[in-house]
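Just upload_39.cif here, mmCIF, C-alpha atoms (C1' of nucleotides):
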data_protein
#
loop_
_atom_site.label_atom_id
_atom_site.label_comp_id
_atom_site.auth_asym_id
_atom_site.auth_seq_id
_atom_site.Cartn_x
_atom_site.Cartn_y
_atom_site.Cartn_z
CA MET A 1 -30.88 -67.17 20.00
CA THR A 2 -28.97 -69.86 18.17
CA GLU A 3 -29.87 -72.35 15.46
CA ASN A 4 -29.95 -74.93 18.22
CA ASP A 5 -32.37 -72.86 20.30
CA VAL A 6 -34.81 -72.63 17.41
CA PHE A 7 -34.75 -76.29 16.41
CA ARG A 8 -34.95 -77.48 20.00
CA ALA A 9 -37.86 -75.14 20.68
CA LEU A 10 -39.78 -76.56 17.74
CA ALA A 11 -39.02 -80.16 18.71
CA ASP A 12 -41.84 -80.16 21.25
CA PRO A 13 -45.38 -80.63 19.90
CA THR A 14 -46.94 -78.55 22.67
CA ARG A 15 -44.68 -75.64 21.80
CA ARG A 16 -45.47 -75.94 18.11
CA ALA A 17 -49.17 -75.85 19.03
CA ILE A 18 -48.63 -72.71 21.10
CA PHE A 19 -46.71 -71.12 18.25
CA GLU A 20 -49.39 -72.05 15.75
CA LYS A 21 -52.04 -70.51 17.96
CA LEU A 22 -50.05 -67.30 18.21
CA ALA A 23 -49.59 -67.22 14.45
CA SER A 24 -53.32 -66.62 14.10
CA GLY A 25 -53.02 -63.48 16.21
CA GLY A 26 -51.21 -62.20 19.28
CA MET A 27 -52.70 -62.90 22.70
CA ASN A 28 -51.72 -63.11 26.34
CA ALA A 29 -50.60 -66.22 28.21
CA SER A 30 -53.98 -66.87 29.80
CA ALA A 31 -55.79 -66.68 26.48
CA LEU A 32 -53.23 -69.08 25.04
CA ARG A 33 -54.13 -71.63 27.68
CA GLN A 34 -57.80 -71.72 26.69
CA GLY A 35 -58.68 -75.13 25.32
CA MET A 36 -55.14 -76.40 25.72
CA GLU A 37 -55.14 -78.40 28.95
CA ILE A 38 -51.85 -77.09 30.15
CA SER A 39 -50.94 -75.67 33.55
CA GLN A 40 -50.02 -72.04 34.02
CA PRO A 41 -46.36 -72.75 34.91
CA ALA A 42 -45.97 -75.16 31.99
CA MET A 43 -47.25 -72.50 29.59
CA SER A 44 -44.93 -69.94 31.10
CA GLN A 45 -41.96 -72.28 30.69
CA HIS A 46 -42.82 -73.08 27.08
CA LEU A 47 -43.14 -69.39 26.29
CA ALA A 48 -39.71 -68.79 27.83
CA VAL A 49 -38.21 -71.41 25.49
CA LEU A 50 -39.97 -69.92 22.46
CA ARG A 51 -38.79 -66.46 23.49
CA LYS A 52 -35.17 -67.59 23.79
CA ALA A 53 -35.47 -68.98 20.26
CA ARG A 54 -36.97 -65.67 19.06
CA LEU A 55 -39.96 -67.51 17.72
CA VAL A 56 -42.10 -65.36 19.96
CA ARG A 57 -41.81 -61.98 21.60
CA GLU A 58 -43.57 -60.43 24.54
CA GLU A 59 -45.04 -57.03 25.22
CA ARG A 60 -46.20 -56.29 28.71
CA GLN A 61 -49.58 -54.56 28.91
CA GLY A 62 -50.32 -53.78 32.49
CA ARG A 63 -51.03 -56.99 34.33
CA PHE A 64 -51.05 -58.97 31.10
CA VAL A 65 -48.23 -60.01 28.82
CA ASN A 66 -49.16 -60.08 25.18
CA TYR A 67 -47.31 -62.57 23.05
CA GLU A 68 -46.87 -62.55 19.29
CA VAL A 69 -44.84 -64.32 16.61
CA ASP A 70 -41.29 -63.03 16.22
CA PRO A 71 -40.18 -63.37 12.58
CA ASP A 72 -36.51 -63.81 13.53
CA GLY A 73 -36.80 -67.42 14.59
CA LEU A 74 -38.79 -68.28 11.49
CA ALA A 75 -36.24 -66.53 9.31
CA LEU A 76 -33.52 -68.70 10.78
CA ILE A 77 -35.42 -71.84 9.79
CA ALA A 78 -36.09 -70.39 6.36
CA GLY A 79 -32.39 -69.69 5.95
CA TRP A 80 -31.47 -73.19 7.04
CA LEU A 81 -33.96 -74.67 4.63
CA ALA A 82 -32.78 -72.49 1.76
CA LYS A 83 -29.38 -74.17 1.94
CA TYR A 84 -31.02 -77.41 0.83
CA ARG A 85 -33.46 -76.03 -1.70
CA ALA A 86 -31.70 -78.05 -4.39
CA TYR A 87 -33.43 -81.08 -2.93
CA TRP A 88 -37.03 -80.08 -3.48
CA PRO A 89 -37.11 -78.93 -7.11
CA ALA A 90 -40.53 -80.47 -7.70
CA ARG A 91 -42.05 -77.96 -5.32
CA VAL A 92 -40.47 -74.87 -6.77
CA GLU A 93 -43.41 -73.95 -8.96
CA ALA A 94 -45.85 -74.36 -6.11
CA LEU A 95 -43.70 -72.17 -3.90
CA LYS A 96 -43.51 -69.55 -6.60
CA ASP A 97 -47.29 -69.41 -6.73
CA LEU A 98 -47.38 -68.93 -2.98
CA LEU A 99 -44.99 -66.02 -3.25
CA LYS A 100 -47.02 -64.51 -6.05
CA ASP A 101 -50.04 -64.60 -3.75
CA MET A 102 -48.09 -62.74 -1.09
CA ASP A 103 -47.76 -59.75 -3.38
CA GLN A 104 -51.54 -59.28 -2.91
CA MET B 1 -42.53 -90.19 9.41
CA THR B 2 -44.46 -87.51 11.27
CA GLU B 3 -43.96 -83.81 11.79
CA ASN B 4 -42.70 -84.68 15.22
CA ASP B 5 -40.15 -87.15 13.84
CA VAL B 6 -38.70 -84.49 11.55
CA PHE B 7 -38.46 -81.70 14.11
CA ARG B 8 -37.06 -83.98 16.79
CA ALA B 9 -34.50 -85.36 14.36
CA LEU B 10 -33.28 -81.85 13.56
CA ALA B 11 -33.17 -80.83 17.22
CA ASP B 12 -29.79 -82.51 17.66
CA PRO B 13 -26.74 -80.58 16.39
CA THR B 14 -24.80 -83.75 15.57
CA ARG B 15 -27.66 -84.95 13.39
CA ARG B 16 -27.87 -81.61 11.62
CA ALA B 17 -24.14 -81.85 10.94
CA ILE B 18 -24.58 -85.34 9.50
CA PHE B 19 -27.44 -84.13 7.35
CA GLU B 20 -25.45 -81.14 6.14
CA LYS B 21 -22.56 -83.40 5.19
CA LEU B 22 -24.88 -85.65 3.24
CA ALA B 23 -26.38 -82.66 1.46
CA SER B 24 -23.04 -82.10 -0.26
CA GLY B 25 -23.24 -85.59 -1.74
CA GLY B 26 -24.29 -89.09 -0.80
CA MET B 27 -21.81 -91.31 1.03
CA ASN B 28 -21.67 -94.35 3.25
CA ALA B 29 -21.73 -94.41 7.04
CA SER B 30 -17.97 -94.84 7.40
CA ALA B 31 -17.22 -91.91 5.12
CA LEU B 32 -19.68 -89.82 7.13
CA ARG B 33 -17.69 -90.49 10.28
CA GLN B 34 -14.46 -89.05 8.81
CA GLY B 35 -13.50 -85.94 10.75
CA MET B 36 -16.54 -86.15 12.99
CA GLU B 37 -15.30 -87.75 16.21
CA ILE B 38 -18.29 -89.96 16.64
CA SER B 39 -18.44 -93.69 17.38
CA GLN B 40 -19.74 -96.17 14.85
CA PRO B 41 -22.85 -97.09 16.90
CA ALA B 42 -23.65 -93.44 17.57
CA MET B 43 -23.53 -92.69 13.85
CA SER B 44 -25.70 -95.70 13.11
CA GLN B 45 -28.26 -94.57 15.68
CA HIS B 46 -28.33 -91.01 14.36
CA LEU B 47 -28.83 -92.30 10.83
CA ALA B 48 -31.74 -94.42 12.06
CA VAL B 49 -33.40 -91.31 13.51
CA LEU B 50 -32.84 -89.33 10.31
CA ARG B 51 -34.20 -92.24 8.28
CA LYS B 52 -37.35 -92.44 10.39
CA ALA B 53 -37.85 -88.72 9.73
CA ARG B 54 -37.28 -89.27 6.00
CA LEU B 55 -34.55 -86.70 6.01
CA VAL B 56 -32.22 -89.39 4.73
CA ARG B 57 -32.58 -92.62 2.82
CA GLU B 58 -30.32 -95.62 2.46
CA GLU B 59 -29.28 -97.77 -0.45
CA ARG B 60 -27.29 -100.87 0.30
CA GLN B 61 -24.33 -101.44 -1.98
CA GLY B 62 -22.73 -104.72 -1.09
CA ARG B 63 -21.04 -104.37 2.25
CA PHE B 64 -21.63 -100.62 2.32
CA VAL B 65 -24.76 -98.63 2.86
CA ASN B 66 -24.89 -95.45 0.90
CA TYR B 67 -26.88 -92.62 2.44
CA GLU B 68 -28.34 -89.59 0.72
CA VAL B 69 -30.74 -86.74 1.46
CA ASP B 70 -34.40 -87.67 1.19
CA PRO B 71 -36.44 -84.67 0.02
CA ASP B 72 -39.56 -85.79 1.88
CA GLY B 73 -38.41 -84.67 5.32
CA LEU B 74 -37.28 -81.32 3.95
CA ALA B 75 -40.59 -80.88 2.17
CA LEU B 76 -42.41 -81.33 5.45
CA ILE B 77 -40.40 -78.53 7.03
CA ALA B 78 -40.97 -76.37 3.97
CA GLY B 79 -44.69 -77.01 4.25
CA TRP B 80 -44.71 -76.15 7.92
CA LEU B 81 -42.79 -72.96 7.27
CA ALA B 82 -45.08 -71.97 4.40
CA LYS B 83 -47.98 -71.74 6.85
CA TYR B 84 -46.23 -68.81 8.52
CA ARG B 85 -44.87 -67.08 5.46
CA ALA B 86 -46.96 -64.04 6.31
CA TYR B 87 -44.40 -63.31 9.03
CA TRP B 88 -41.35 -62.83 6.87
CA PRO B 89 -42.57 -60.52 4.11
CA ALA B 90 -39.25 -58.68 3.98
CA ARG B 91 -37.60 -61.81 2.67
CA VAL B 92 -40.09 -62.56 -0.07
CA GLU B 93 -38.16 -60.78 -2.80
CA ALA B 94 -34.93 -62.50 -1.83
CA LEU B 95 -36.67 -65.87 -1.87
CA LYS B 96 -38.13 -65.11 -5.29
CA ASP B 97 -34.65 -64.45 -6.62
CA LEU B 98 -33.52 -67.76 -5.23
CA LEU B 99 -36.34 -69.53 -6.99
CA LYS B 100 -35.55 -67.72 -10.22
CA ASP B 101 -32.00 -69.07 -9.96
CA MET B 102 -33.32 -72.57 -9.55
CA ASP B 103 -34.88 -72.39 -13.01
CA GLN B 104 -31.29 -72.28 -14.37
"C1'" DC C 1 -14.96 -122.10 4.81
"C1'" DA C 2 -12.52 -118.56 7.92
"C1'" DG C 3 -11.46 -114.09 8.79
"C1'" DA C 4 -12.15 -109.27 7.93
"C1'" DT C 5 -15.02 -105.40 7.06
"C1'" DA C 6 -19.35 -102.48 7.30
"C1'" DC C 7 -23.09 -101.69 9.69
"C1'" DA C 8 -27.08 -102.55 13.05
"C1'" DT C 9 -28.91 -103.62 17.46
"C1'" DA C 10 -29.03 -104.49 22.61
"C1'" DA C 11 -28.34 -103.01 27.17
"C1'" DG C 12 -26.74 -99.85 30.49
"C1'" DT C 13 -25.70 -94.99 32.13
"C1'" DG C 14 -25.54 -89.92 32.88
"C1'" DT C 15 -27.88 -85.83 31.51
"C1'" DG C 16 -31.60 -83.08 29.63
"C1'" DT C 17 -36.52 -82.18 29.30
"C1'" DG C 18 -41.30 -81.34 30.47
"C1'" DC C 19 -44.14 -81.73 33.94
"C1'" DT C 20 -45.72 -80.93 38.84
"C1'" DT C 21 -46.38 -78.20 43.34
"C1'" DA C 22 -45.01 -74.25 45.78
"C1'" DT C 23 -43.75 -69.65 45.97
"C1'" DG C 24 -42.31 -65.04 44.20
"C1'" DT C 25 -43.23 -60.59 41.68
"C1'" DA C 26 -45.83 -57.10 39.34
"C1'" DT C 27 -50.07 -54.77 38.40
"C1'" DC C 28 -54.81 -53.67 39.11
"C1'" DT C 29 -58.99 -52.75 42.10
"C1'" DG C 30 -61.76 -51.64 46.04
"C1'" DC D 1 -53.13 -50.62 51.92
"C1'" DA D 2 -55.21 -55.42 51.21
"C1'" DG D 3 -56.66 -58.69 48.22
"C1'" DA D 4 -57.01 -60.45 43.64
"C1'" DT D 5 -55.16 -61.38 39.20
"C1'" DA D 6 -51.46 -62.45 35.67
"C1'" DC D 7 -47.40 -64.30 35.12
"C1'" DA D 8 -42.52 -65.99 36.33
"C1'" DT D 9 -39.39 -68.79 38.86
"C1'" DA D 10 -37.69 -72.59 41.98
"C1'" DA D 11 -37.27 -77.32 43.17
"C1'" DG D 12 -38.23 -82.01 42.53
"C1'" DC D 13 -39.47 -86.06 39.72
"C1'" DA D 14 -40.33 -89.37 35.87
"C1'" DC D 15 -39.02 -90.15 31.49
"C1'" DA D 16 -36.56 -89.43 27.02
"C1'" DC D 17 -32.24 -89.00 24.82
"C1'" DA D 18 -27.49 -89.45 23.31
"C1'" DC D 19 -23.84 -91.82 24.46
"C1'" DT D 20 -21.05 -96.06 25.76
"C1'" DT D 21 -19.53 -101.18 25.45
"C1'" DA D 22 -20.75 -105.54 23.75
"C1'" DT D 23 -22.57 -108.39 20.39
"C1'" DG D 24 -25.21 -109.63 16.16
"C1'" DT D 25 -25.72 -109.81 11.01
"C1'" DA D 26 -24.48 -109.33 6.24
"C1'" DT D 27 -21.10 -109.13 2.65
"C1'" DC D 28 -16.58 -109.54 0.76
"C1'" DT D 29 -11.91 -111.83 0.28
"C1'" DG D 30 -8.34 -115.20 0.48
#
Spell out the structure here as C-alpha cells.
Amino acid sequence: MTENDVFRALADPTRRAIFEKLASGGMNASALRQGMEISQPAMSQHLAVLRKARLVREERQGRFVNYEVDPDGLALIAGWLAKYRAYWPARVEALKDLLKDMDQ
Amino acid sequence: MTENDVFRALADPTRRAIFEKLASGGMNASALRQGMEISQPAMSQHLAVLRKARLVREERQGRFVNYEVDPDGLALIAGWLAKYRAYWPARVEALKDLLKDMDQ
DNA sequence: CAGATACATAAGTGTGTGCTTATGTATCTG
DNA sequence: CAGATACATAAGCACACACTTATGTATCTG
C-alpha cells in the first residue's frame, strides 16, 4: 500500500463505483456485481487493486468472500488532502459542521 | 472538470510532485522544472492535465505563465472524501484540532 | 525587424491498463 | 466422491498514457 496505489486505484470510475457501493455496507463479490454490468473476472481484478490500496479488505466466509471498506486507504487520502487544507478556507466552517454531526 | 479528471490527474506521481511544489507558492513553468528532471513539453502536458482538473490555474505574465493551486480540484476531493467520513472516526478529533488551528 | 526566450501543441513510440476468454482453486451439497 | 458454486489467476488484446523530438506561437529585447 503506497500513496501511488491509492490514487491509481481511485483513478478508475468503475473502481470508485465499486468502492461507493461497499461504503453503504459490506457484501460479497457476487452481490457487488448486481446491477453493474461487469464480468466476474473484471470484478475480481478491480477488487484486487482496491485491496492492494487498502481501500477495501476481504473476509472469507465459506464459499463467499465478504468485502468491506478499509479505512486505511481513505486515511491516506485524508492525510494527503490535509497538507493542502490552507487552500480551501471557505469550506472550513462547513467541514466543522460535518464533524460536529459525527459526534452524534 | 469532472471527478474523473481530478482523480486521473492525481494518479500520476510526477503530477502530484508538481502540484505539491506549487502548493508551497505559485511559480512559472520553468521554475517548476528546476530540480525535477523533466522535459519542457512533458511539464507543459502535465500542467494541461492539472489545469483540466482545476487543481491548478494559470495567469499569463508577459512571456511567463505563472501557475498556482486552484482550490476547486481540491474541494472536489474533499467532497468525495466527506461522503466516507464515517469510516475514519478515530481521526475526527485530530481533524477538529486542525480546523481549530485554521481559525488562527 | 530579428533573434531569443517561454511555453504550447503535434506526432510518434513503448508501456501500462482494463477488458476478454479460458482455466485454476476452494468450499459447499447431494 | 462428483458436481455445482464463488472467486482468483493467466494470457492475450485494444486502447490510454507518459514520454520523446519537432515545430508552432507569443512576448520581450536589442
Please superimpose chain B upon chain A, fitting all C-alpha atoms matched one to one in order, and report the result as a CSV table (one decimal) with C-alpha atoms, in the coordinates of the input.
chain,number,residue,atom,x,y,z
B,1,MET,CA,-30.9,-67.1,19.9
B,2,THR,CA,-29.0,-69.8,18.1
B,3,GLU,CA,-29.9,-72.3,15.4
B,4,ASN,CA,-30.0,-74.9,18.2
B,5,ASP,CA,-32.4,-72.8,20.3
B,6,VAL,CA,-34.8,-72.6,17.4
B,7,PHE,CA,-34.8,-76.3,16.4
B,8,ARG,CA,-35.0,-77.5,20.0
B,9,ALA,CA,-37.9,-75.1,20.7
B,10,LEU,CA,-39.8,-76.6,17.8
B,11,ALA,CA,-39.0,-80.2,18.7
B,12,ASP,CA,-41.8,-80.2,21.3
B,13,PRO,CA,-45.3,-80.7,20.0
B,14,THR,CA,-46.9,-78.6,22.8
B,15,ARG,CA,-44.7,-75.7,21.9
B,16,ARG,CA,-45.5,-76.0,18.2
B,17,ALA,CA,-49.2,-75.9,19.1
B,18,ILE,CA,-48.6,-72.7,21.2
B,19,PHE,CA,-46.7,-71.2,18.3
B,20,GLU,CA,-49.4,-72.1,15.8
B,21,LYS,CA,-52.1,-70.6,18.0
B,22,LEU,CA,-50.1,-67.4,18.3
B,23,ALA,CA,-49.7,-67.3,14.5
B,24,SER,CA,-53.4,-66.7,14.2
B,25,GLY,CA,-53.1,-63.6,16.2
B,26,GLY,CA,-51.3,-62.3,19.3
B,27,MET,CA,-52.7,-63.0,22.7
B,28,ASN,CA,-51.7,-63.2,26.4
B,29,ALA,CA,-50.6,-66.2,28.2
B,30,SER,CA,-54.0,-66.9,29.9
B,31,ALA,CA,-55.8,-66.7,26.5
B,32,LEU,CA,-53.2,-69.1,25.1
B,33,ARG,CA,-54.1,-71.7,27.8
B,34,GLN,CA,-57.8,-71.8,26.8
B,35,GLY,CA,-58.6,-75.2,25.5
B,36,MET,CA,-55.1,-76.5,25.9
B,37,GLU,CA,-55.1,-78.4,29.1
B,38,ILE,CA,-51.8,-77.1,30.3
B,39,SER,CA,-50.8,-75.7,33.7
B,40,GLN,CA,-49.9,-72.0,34.1
B,41,PRO,CA,-46.2,-72.7,34.9
B,42,ALA,CA,-45.9,-75.1,32.0
B,43,MET,CA,-47.2,-72.5,29.6
B,44,SER,CA,-44.9,-69.9,31.1
B,45,GLN,CA,-41.9,-72.2,30.7
B,46,HIS,CA,-42.8,-73.0,27.1
B,47,LEU,CA,-43.1,-69.4,26.3
B,48,ALA,CA,-39.7,-68.7,27.8
B,49,VAL,CA,-38.2,-71.4,25.5
B,50,LEU,CA,-40.0,-69.9,22.5
B,51,ARG,CA,-38.8,-66.4,23.5
B,52,LYS,CA,-35.2,-67.5,23.8
B,53,ALA,CA,-35.5,-69.0,20.2
B,54,ARG,CA,-37.0,-65.7,19.0
B,55,LEU,CA,-40.0,-67.5,17.7
B,56,VAL,CA,-42.2,-65.4,20.0
B,57,ARG,CA,-41.9,-62.0,21.6
B,58,GLU,CA,-43.6,-60.4,24.5
B,59,GLU,CA,-45.1,-57.0,25.2
B,60,ARG,CA,-46.3,-56.3,28.7
B,61,GLN,CA,-49.6,-54.6,28.9
B,62,GLY,CA,-50.4,-53.8,32.5
B,63,ARG,CA,-51.0,-57.0,34.3
B,64,PHE,CA,-51.1,-59.0,31.1
B,65,VAL,CA,-48.3,-60.0,28.8
B,66,ASN,CA,-49.2,-60.1,25.2
B,67,TYR,CA,-47.3,-62.6,23.0
B,68,GLU,CA,-46.9,-62.6,19.3
B,69,VAL,CA,-44.9,-64.4,16.6
B,70,ASP,CA,-41.4,-63.1,16.2
B,71,PRO,CA,-40.3,-63.4,12.5
B,72,ASP,CA,-36.6,-63.8,13.5
B,73,GLY,CA,-36.9,-67.4,14.6
B,74,LEU,CA,-38.9,-68.3,11.5
B,75,ALA,CA,-36.3,-66.6,9.3
B,76,LEU,CA,-33.6,-68.7,10.7
B,77,ILE,CA,-35.5,-71.9,9.8
B,78,ALA,CA,-36.2,-70.5,6.3
B,79,GLY,CA,-32.5,-69.7,5.9
B,80,TRP,CA,-31.5,-73.2,7.0
B,81,LEU,CA,-34.0,-74.7,4.6
B,82,ALA,CA,-32.9,-72.5,1.7
B,83,LYS,CA,-29.5,-74.2,1.9
B,84,TYR,CA,-31.1,-77.5,0.8
B,85,ARG,CA,-33.5,-76.1,-1.7
B,86,ALA,CA,-31.8,-78.1,-4.4
B,87,TYR,CA,-33.6,-81.2,-2.9
B,88,TRP,CA,-37.1,-80.2,-3.5
B,89,PRO,CA,-37.1,-79.0,-7.1
B,90,ALA,CA,-40.6,-80.4,-7.7
B,91,ARG,CA,-42.0,-77.9,-5.3
B,92,VAL,CA,-40.4,-74.8,-6.7
B,93,GLU,CA,-43.3,-73.8,-9.0
B,94,ALA,CA,-45.8,-74.2,-6.2
B,95,LEU,CA,-43.6,-72.1,-3.9
B,96,LYS,CA,-43.3,-69.4,-6.6
B,97,ASP,CA,-47.1,-69.3,-6.8
B,98,LEU,CA,-47.2,-68.8,-3.1
B,99,LEU,CA,-44.8,-65.9,-3.3
B,100,LYS,CA,-46.8,-64.4,-6.2
B,101,ASP,CA,-49.8,-64.4,-3.9
B,102,MET,CA,-47.9,-62.6,-1.2
B,103,ASP,CA,-47.5,-59.6,-3.5
B,104,GLN,CA,-51.3,-59.2,-3.2
| Test item: the PyMOL selection byres ((chain A and resi 79-84) around 9) resolved as a VMD selection string | (chain A and resid 3 74 to 78 85 to 88) or (chain B and resid 20 23 74 77 to 78 95 98)
| note | Students should find that atom C1' of C:DG12 and atom CA of B:Ala17 are spaced 26.7 Å
| said: With only C-alpha atoms (C1' of nucleotides) considered, list every residue of chain B at most 8 Å from chain D, as a list of chain:residue names. | reply: B:Ala42, B:Gly62, B:Arg63
Residues of chain C that approach chain A to 9 Å or less, counting all atoms listed in the file: could you list each one with the shortest pair of atoms and its distance in Å to one decimal, rows by chain and increasing residue number, as a tab-separated table?
residue	atom	partner	partner_atom	distance
C:DG18	C1'	A:Ala42	CA	7.9
C:DC19	C1'	A:Ala42	CA	7.1
C:DT20	C1'	A:Ala42	CA	9.0
C:DA26	C1'	A:Arg63	CA	7.2
C:DT27	C1'	A:Arg63	CA	4.7
C:DC28	C1'	A:Arg63	CA	6.9
| said: What's around B:Ala53 at 10 Å? Count all atoms listed in the file, leave out sequence neighbours fewer than 4 positions away in its own chain, and write the answer as a ChimeraX atom specification. | reply: /B:1-10,47-49,57,70,72-74,76
| query | Distance atom C1' of C:DG24-atom CA of A:Gln40, one decimal place? | reply | 14.6 Å
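Nearest-residue note for chain A: choosing from B:Met36, B:Leu55, B:Val65, B:Met27, the minimum distance belongs to B:Leu55, counting only C-alpha atoms.
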| said: One decimal, in Å: what's the spacing between atom CA of A:Gly26 and atom CA of A:Glu68? | reply: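 These two atoms are separated by 4.4 Å.
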| field | Result set, the PyMOL selection byres ((chain A and resi 28) around 6) on current file, as a list in words | value |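 Applying the expression gives Met27, Ala29, Ser30, Ala31, Val65, Asn66 and Tyr67 of chain A.
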| Which of B:Arg51, B:Ile18, B:Arg33, B:Ser24 sits closest to chain A [using all atoms listed in the file] |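 When distances to chain A are compared using all atoms listed in the file, the smallest one comes from B:Ser24.
For the set A:Leu50, A:Leu32, A:Leu22, A:Met43, the residue with the smallest atom-to-atom gap to chain B is A:Leu22, counting all atoms listed in the file.
Across A:Gly35, A:Phe19, A:Arg60, A:Pro13, the tightest approach to chain B is made by A:Pro13 when counting only C-alpha atoms.
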